[in-house]
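Asker: First the structure, then my questions, so here it is.
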Amino acid sequence: MRLIAILLALAPALVQAQTYPSKPVRIVVPYTAGGPADLLVRGLGQKLTDAWGQQIVVENKPGANEIIAAQDMAKSPPDGYNYLLASDAVFSLNSYLYSKLPYDPVKDLAPVSKLVNANLMLVARPDFPAPSVRELIDYAKKNPGKLNYGSVGAGGVNHLAMAWFNTVNGLDMQHVAYKGLVQGLQDIMTSRLDVMFAVIGGAAPQLKAGKLKGLAVSGKARNAQIPDVPTFAESGYPSFDASFYFGLAAPAGTPRELVAKFAAESAKIVNTAEFRERFLNNLGFEPVGDTPEQFAAFLKQDRELAAKKVKASGAKLD
């Protein structure tokens with residue numbers, strides 16, 4: 001009798017999961033249309049539409065370091081038809097960059113899947129005297145306070161990556177904030193800026209043209225676009241990571257079986273050779289596609305590291 005009662009209790013959830021989705025699914029993106037994350041989501045959305053026969057509606061809600069999109073998702077119905085694709089800003093960093101947030105990443109958002117890792121490349125001006133990470137560190141230690149590094153704004157991923165690089169290696173390089181990556185790379189190429197972390201897709205063309213130096217890339221392996229640039233592990237720094245990530249979340253309270261189904265289908269898609277070739281490799285993304293449980297465990301560790309990185313950077317955004 002007890003077994004029958006359990007099966008009867010589970011029956012509605014099982015039926016719901018089998019028929020899901022039965023209407024269009026919305027994915028909110030905290031960036032403008034046409035950017036790397038937007039292209040990633042639209043590629044994923046098309047594949048999900050093909051697999052499920054239901055439209056995936058992508059809504060762009062940029063602004064406020066991804067807070068606008070996160071707040072929208074936190075207030076959306078937890079019915080399995082609302083999802084958010086966001087970076088570590090939403091999940092970990094904003095809690096330490098701002099004194100107050102209109103959403104709680106732990107209480108208001110349910111982890112779905114860490115979809116991809118996004119790797120950064122450490123680049124230097126073309127006439128920089130150090131051709132490797134080790135030599136950069138040695139040179140910076142001999143010239144404290146004399147080198148500068150660029151970012152696309154205080155608290156951004158490349159600012160935090162370089163501030164953390166400074167901290168773990170005992171360096172004193174000065175921060176210069178730019179309005180965007182293009183402006184920072186322009187000063188690198190004209191030797192007005194010494195070094196910076198840049199997204200691979202944005203810096204690879206200039207590297208190939210010989211307009212800057214590539215010292216190292218984050219990630220497990222070299223990037224196919226820039227095969228001559230070693231990883232940090234190959235450079236002798238296996239514990240240093242300059243990557244960030246894009247992950248999927250749903251409103252807290254979304255049925256676990258629907259979250260699991262969305263995660264599983266998304267993971268299958270991003271790990272296909274076709275998807276990697278069309279939407280990941282050229283942007284410097286590595287597929288992950290983990291389970292909700294794996295993503296939740298990762299986020300616990302990531303938030304601890306985020307607190308240390310923000311403290312090292314001294315960044316506050318309010």
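Following the order of the structure tokens, chains are lettered A, B, ..., residues in each are numbered from 1, and ligands are numbered from 1.
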Show which residues sit within 8 Å of Leu215 (chain A), as a PyMOL selection string. Count only C-alpha atoms, and ignore same-chain residues fewer than 5 positions away.

Answerer: chain A and resi 121-124+131-133+229-230

Asker: Include N, CA and C atoms and write out the residues we just selected as a PDB file, in the first residue's frame.

Answerer:
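Written output follows (selection_21.pdb):
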ATOM      1  N   MET A 121      42.624  35.432 -22.498  1.00  0.00           N
ATOM      2  CA  MET A 121      44.030  35.397 -22.886  1.00  0.00           C
ATOM      3  C   MET A 121      44.742  36.595 -22.270  1.00  0.00           C
ATOM      4  N   LEU A 122      45.907  36.361 -21.688  1.00  0.00           N
ATOM      5  CA  LEU A 122      46.746  37.434 -21.173  1.00  0.00           C
ATOM      6  C   LEU A 122      47.581  37.963 -22.330  1.00  0.00           C
ATOM      7  N   VAL A 123      47.349  39.223 -22.699  1.00  0.00           N
ATOM      8  CA  VAL A 123      48.034  39.824 -23.841  1.00  0.00           C
ATOM      9  C   VAL A 123      48.921  40.973 -23.374  1.00  0.00           C
ATOM     10  N   ALA A 124      49.933  41.289 -24.172  1.00  0.00           N
ATOM     11  CA  ALA A 124      50.872  42.362 -23.856  1.00  0.00           C
ATOM     12  C   ALA A 124      51.148  43.186 -25.104  1.00  0.00           C
ATOM     13  N   PRO A 131      58.341  37.853 -22.854  1.00  0.00           N
ATOM     14  CA  PRO A 131      57.571  37.041 -23.795  1.00  0.00           C
ATOM     15  C   PRO A 131      56.784  35.893 -23.167  1.00  0.00           C
ATOM     16  N   SER A 132      56.831  35.756 -21.832  1.00  0.00           N
ATOM     17  CA  SER A 132      56.137  34.646 -21.172  1.00  0.00           C
ATOM     18  C   SER A 132      55.582  35.121 -19.841  1.00  0.00           C
ATOM     19  N   VAL A 133      54.728  34.300 -19.243  1.00  0.00           N
ATOM     20  CA  VAL A 133      54.139  34.645 -17.950  1.00  0.00           C
ATOM     21  C   VAL A 133      55.218  34.754 -16.879  1.00  0.00           C
ATOM     22  N   VAL A 229      49.819  29.959 -28.452  1.00  0.00           N
ATOM     23  CA  VAL A 229      49.785  30.547 -27.110  1.00  0.00           C
ATOM     24  C   VAL A 229      49.578  29.439 -26.078  1.00  0.00           C
ATOM     25  N   PRO A 230      50.513  29.283 -25.136  1.00  0.00           N
ATOM     26  CA  PRO A 230      50.397  28.193 -24.150  1.00  0.00           C
ATOM     27  C   PRO A 230      49.332  28.466 -23.101  1.00  0.00           C
TER      28      PRO A 230
END

Asker: Could you give me the residues within region 117-315 of chain A that DSSP places in alpha helix (DSSP H), as number ranges by chain?

Answerer: A: 133-142, 157-169, 181-189, 200-208, 256-270, 273-275, 292-313

Asker: Can you spit out the residues from that selection as a PDB file, in the first residue's frame, using C-alpha atoms?

Answerer:
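The resulting file, again_5.pdb, is reproduced below:
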ATOM      1  CA  VAL A 133      54.139  34.645 -17.950  1.00  0.00           C
ATOM      2  CA  ARG A 134      57.155  33.805 -15.807  1.00  0.00           C
ATOM      3  CA  GLU A 135      59.203  36.604 -17.353  1.00  0.00           C
ATOM      4  CA  LEU A 136      56.286  39.032 -16.944  1.00  0.00           C
ATOM      5  CA  ILE A 137      56.148  38.238 -13.236  1.00  0.00           C
ATOM      6  CA  ASP A 138      59.916  38.653 -12.866  1.00  0.00           C
ATOM      7  CA  TYR A 139      59.841  41.953 -14.773  1.00  0.00           C
ATOM      8  CA  ALA A 140      56.895  43.284 -12.742  1.00  0.00           C
ATOM      9  CA  LYS A 141      58.611  42.410  -9.465  1.00  0.00           C
ATOM     10  CA  LYS A 142      61.703  44.352 -10.571  1.00  0.00           C
ATOM     11  CA  VAL A 157      35.932  39.656 -15.325  1.00  0.00           C
ATOM     12  CA  ASN A 158      39.197  40.898 -16.814  1.00  0.00           C
ATOM     13  CA  HIS A 159      39.724  43.392 -13.985  1.00  0.00           C
ATOM     14  CA  LEU A 160      39.178  40.724 -11.352  1.00  0.00           C
ATOM     15  CA  ALA A 161      41.383  38.243 -13.216  1.00  0.00           C
ATOM     16  CA  MET A 162      44.332  40.644 -13.312  1.00  0.00           C
ATOM     17  CA  ALA A 163      43.798  41.859  -9.742  1.00  0.00           C
ATOM     18  CA  TRP A 164      43.871  38.208  -8.640  1.00  0.00           C
ATOM     19  CA  PHE A 165      46.995  37.637 -10.780  1.00  0.00           C
ATOM     20  CA  ASN A 166      48.608  40.576  -8.950  1.00  0.00           C
ATOM     21  CA  THR A 167      47.611  39.187  -5.553  1.00  0.00           C
ATOM     22  CA  VAL A 168      48.718  35.576  -5.953  1.00  0.00           C
ATOM     23  CA  ASN A 169      52.059  36.609  -7.476  1.00  0.00           C
ATOM     24  CA  LEU A 181      37.656  45.889 -24.994  1.00  0.00           C
ATOM     25  CA  VAL A 182      38.340  47.645 -28.302  1.00  0.00           C
ATOM     26  CA  GLN A 183      39.711  50.739 -26.564  1.00  0.00           C
ATOM     27  CA  GLY A 184      41.926  48.654 -24.276  1.00  0.00           C
ATOM     28  CA  LEU A 185      43.319  46.583 -27.121  1.00  0.00           C
ATOM     29  CA  GLN A 186      43.969  49.746 -29.126  1.00  0.00           C
ATOM     30  CA  ASP A 187      46.206  51.061 -26.351  1.00  0.00           C
ATOM     31  CA  ILE A 188      47.931  47.668 -26.120  1.00  0.00           C
ATOM     32  CA  MET A 189      48.655  47.727 -29.853  1.00  0.00           C
ATOM     33  CA  ILE A 200      39.969  35.180 -26.995  1.00  0.00           C
ATOM     34  CA  GLY A 201      37.499  35.956 -29.756  1.00  0.00           C
ATOM     35  CA  GLY A 202      38.188  39.682 -29.401  1.00  0.00           C
ATOM     36  CA  ALA A 203      41.992  39.498 -29.244  1.00  0.00           C
ATOM     37  CA  ALA A 204      42.809  36.610 -31.590  1.00  0.00           C
ATOM     38  CA  PRO A 205      42.642  38.656 -34.848  1.00  0.00           C
ATOM     39  CA  GLN A 206      45.104  41.249 -33.502  1.00  0.00           C
ATOM     40  CA  LEU A 207      47.406  38.508 -32.261  1.00  0.00           C
ATOM     41  CA  LYS A 208      47.436  36.814 -35.653  1.00  0.00           C
ATOM     42  CA  ARG A 256      13.219  19.651 -10.088  1.00  0.00           C
ATOM     43  CA  GLU A 257      12.248  17.209 -12.825  1.00  0.00           C
ATOM     44  CA  LEU A 258      11.744  20.082 -15.315  1.00  0.00           C
ATOM     45  CA  VAL A 259      15.043  21.699 -14.353  1.00  0.00           C
ATOM     46  CA  ALA A 260      16.792  18.345 -14.764  1.00  0.00           C
ATOM     47  CA  LYS A 261      15.230  17.774 -18.184  1.00  0.00           C
ATOM     48  CA  PHE A 262      16.224  21.244 -19.410  1.00  0.00           C
ATOM     49  CA  ALA A 263      19.775  20.736 -18.110  1.00  0.00           C
ATOM     50  CA  ALA A 264      20.152  17.306 -19.702  1.00  0.00           C
ATOM     51  CA  GLU A 265      18.954  18.432 -23.139  1.00  0.00           C
ATOM     52  CA  SER A 266      21.130  21.561 -23.028  1.00  0.00           C
ATOM     53  CA  ALA A 267      24.192  19.524 -22.036  1.00  0.00           C
ATOM     54  CA  LYS A 268      23.632  17.113 -24.897  1.00  0.00           C
ATOM     55  CA  ILE A 269      23.463  19.996 -27.371  1.00  0.00           C
ATOM     56  CA  VAL A 270      26.531  21.983 -26.272  1.00  0.00           C
ATOM     57  CA  ALA A 273      30.804  18.535 -32.417  1.00  0.00           C
ATOM     58  CA  GLU A 274      28.530  20.646 -34.626  1.00  0.00           C
ATOM     59  CA  PHE A 275      27.575  23.031 -31.812  1.00  0.00           C
ATOM     60  CA  PRO A 292      21.793  20.957 -11.462  1.00  0.00           C
ATOM     61  CA  GLU A 293      23.462  19.215  -8.526  1.00  0.00           C
ATOM     62  CA  GLN A 294      26.939  19.637 -10.002  1.00  0.00           C
ATOM     63  CA  PHE A 295      26.317  23.290 -10.779  1.00  0.00           C
ATOM     64  CA  ALA A 296      25.055  23.921  -7.231  1.00  0.00           C
ATOM     65  CA  ALA A 297      28.192  22.334  -5.766  1.00  0.00           C
ATOM     66  CA  PHE A 298      30.383  24.391  -8.086  1.00  0.00           C
ATOM     67  CA  LEU A 299      28.621  27.618  -7.126  1.00  0.00           C
ATOM     68  CA  LYS A 300      29.310  27.036  -3.444  1.00  0.00           C
ATOM     69  CA  GLN A 301      33.059  27.017  -4.136  1.00  0.00           C
ATOM     70  CA  ASP A 302      32.828  29.781  -6.720  1.00  0.00           C
ATOM     71  CA  ARG A 303      31.231  32.182  -4.251  1.00  0.00           C
ATOM     72  CA  GLU A 304      34.068  31.635  -1.795  1.00  0.00           C
ATOM     73  CA  LEU A 305      36.616  32.441  -4.512  1.00  0.00           C
ATOM     74  CA  ALA A 306      34.564  35.430  -5.720  1.00  0.00           C
ATOM     75  CA  ALA A 307      34.807  37.027  -2.269  1.00  0.00           C
ATOM     76  CA  LYS A 308      38.611  36.763  -2.411  1.00  0.00           C
ATOM     77  CA  LYS A 309      38.843  38.140  -5.970  1.00  0.00           C
ATOM     78  CA  VAL A 310      36.638  41.151  -5.272  1.00  0.00           C
ATOM     79  CA  LYS A 311      38.577  41.903  -2.089  1.00  0.00           C
ATOM     80  CA  ALA A 312      41.850  41.718  -4.036  1.00  0.00           C
ATOM     81  CA  SER A 313      40.528  44.112  -6.688  1.00  0.00           C
TER      82      SER A 313
END

Asker: How far is it from CA of Ser151 (chain A) to CA of Asp38 (chain A), in Å with one decimal?

Answerer: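 About the pair CA of Ser151 (chain A) and CA of Asp38 (chain A): they are 21.6 Å apart.
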
Asker: Identify which of the residues A:Ile226, A:Leu39, A:Ala74, A:Val112 lies closest to Val58 (chain A), counting only C-alpha atoms when measuring atom-to-atom distances.

Answerer: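 When distances to Val58 (chain A) are compared using only C-alpha atoms, the smallest one comes from A:Leu39.
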
Asker: With distances taken over only C-alpha atoms, which residue among A:Phe246, A:Arg222, A:Asp228, A:Gly80 lies nearest Tyr31 (chain A)?

Answerer: A:Phe246

Asker: Ranking A:Lys114, A:Lys316, A:Lys220, A:Arg125 by minimum distance to Val288 (chain A) and counting only C-alpha atoms, which one comes first?

Answerer: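 Among A:Lys114, A:Lys316, A:Lys220, A:Arg125, it is A:Lys114 that comes nearest to Val288 (chain A).
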
Asker: Return the single residue from A:Gly35, A:Asn119, A:Phe285, A:Tyr245 that is closest to Val217 (chain A), with distances computed using only C-alpha atoms.

Answerer: A:Asn119

Asker: Write out as a ChimeraX atom specification the residues lying within 9 Å of Asp127 (chain A), counting only C-alpha atoms and excluding same-chain residues fewer than 5 positions away.

Answerer: /A:191,212-213

Asker: Could you list, as a list in words, every residue within 10 Å of Ile68 (chain A), counting only C-alpha atoms and ignoring same-chain residues fewer than 2 positions away?

Answerer: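 Residues meeting the cut-off are Val29, Pro30, Lys61, Pro62, Gly63, Ala64, Asn65, Glu66, Ala70, Gln71, Asp72, Met73, Val90, Pro102 and Tyr103 of chain A.
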
Asker: If we count only C-alpha atoms, what is near Pro21 (chain A) at a cut-off of 8 Å, once residues fewer than 6 positions away on the same chain are taken out, given as an MDAnalysis selection string?

Answerer: chainID A and resid 52 54 81

Asker: Rank A:Ala154, A:Leu48, A:Leu171, A:Ala118 by their smallest atom-to-atom distance to Asp241 (chain A), using only C-alpha atoms, and report the top residue only.

Answerer: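 Among the listed residues, A:Ala118 lies closest to Asp241 (chain A).
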
Asker: If I take CA of Ala177 (chain A) and CA of Leu147 (chain A), how far is one from the other in Å, to one decimal?

Answerer: 14.1 Å

Asker: So the first atom is CA of Tyr96 (chain A) and the second is CA of Ala250 (chain A); what is the distance between them in Å, to one decimal place?

Answerer: 21.7 Å

Asker: Rank nothing, just name the residue among A:Pro255, A:Pro144, A:Gly156, A:Gly284 nearest to Ala224 (chain A), using only C-alpha atoms.

Answerer: A:Gly284
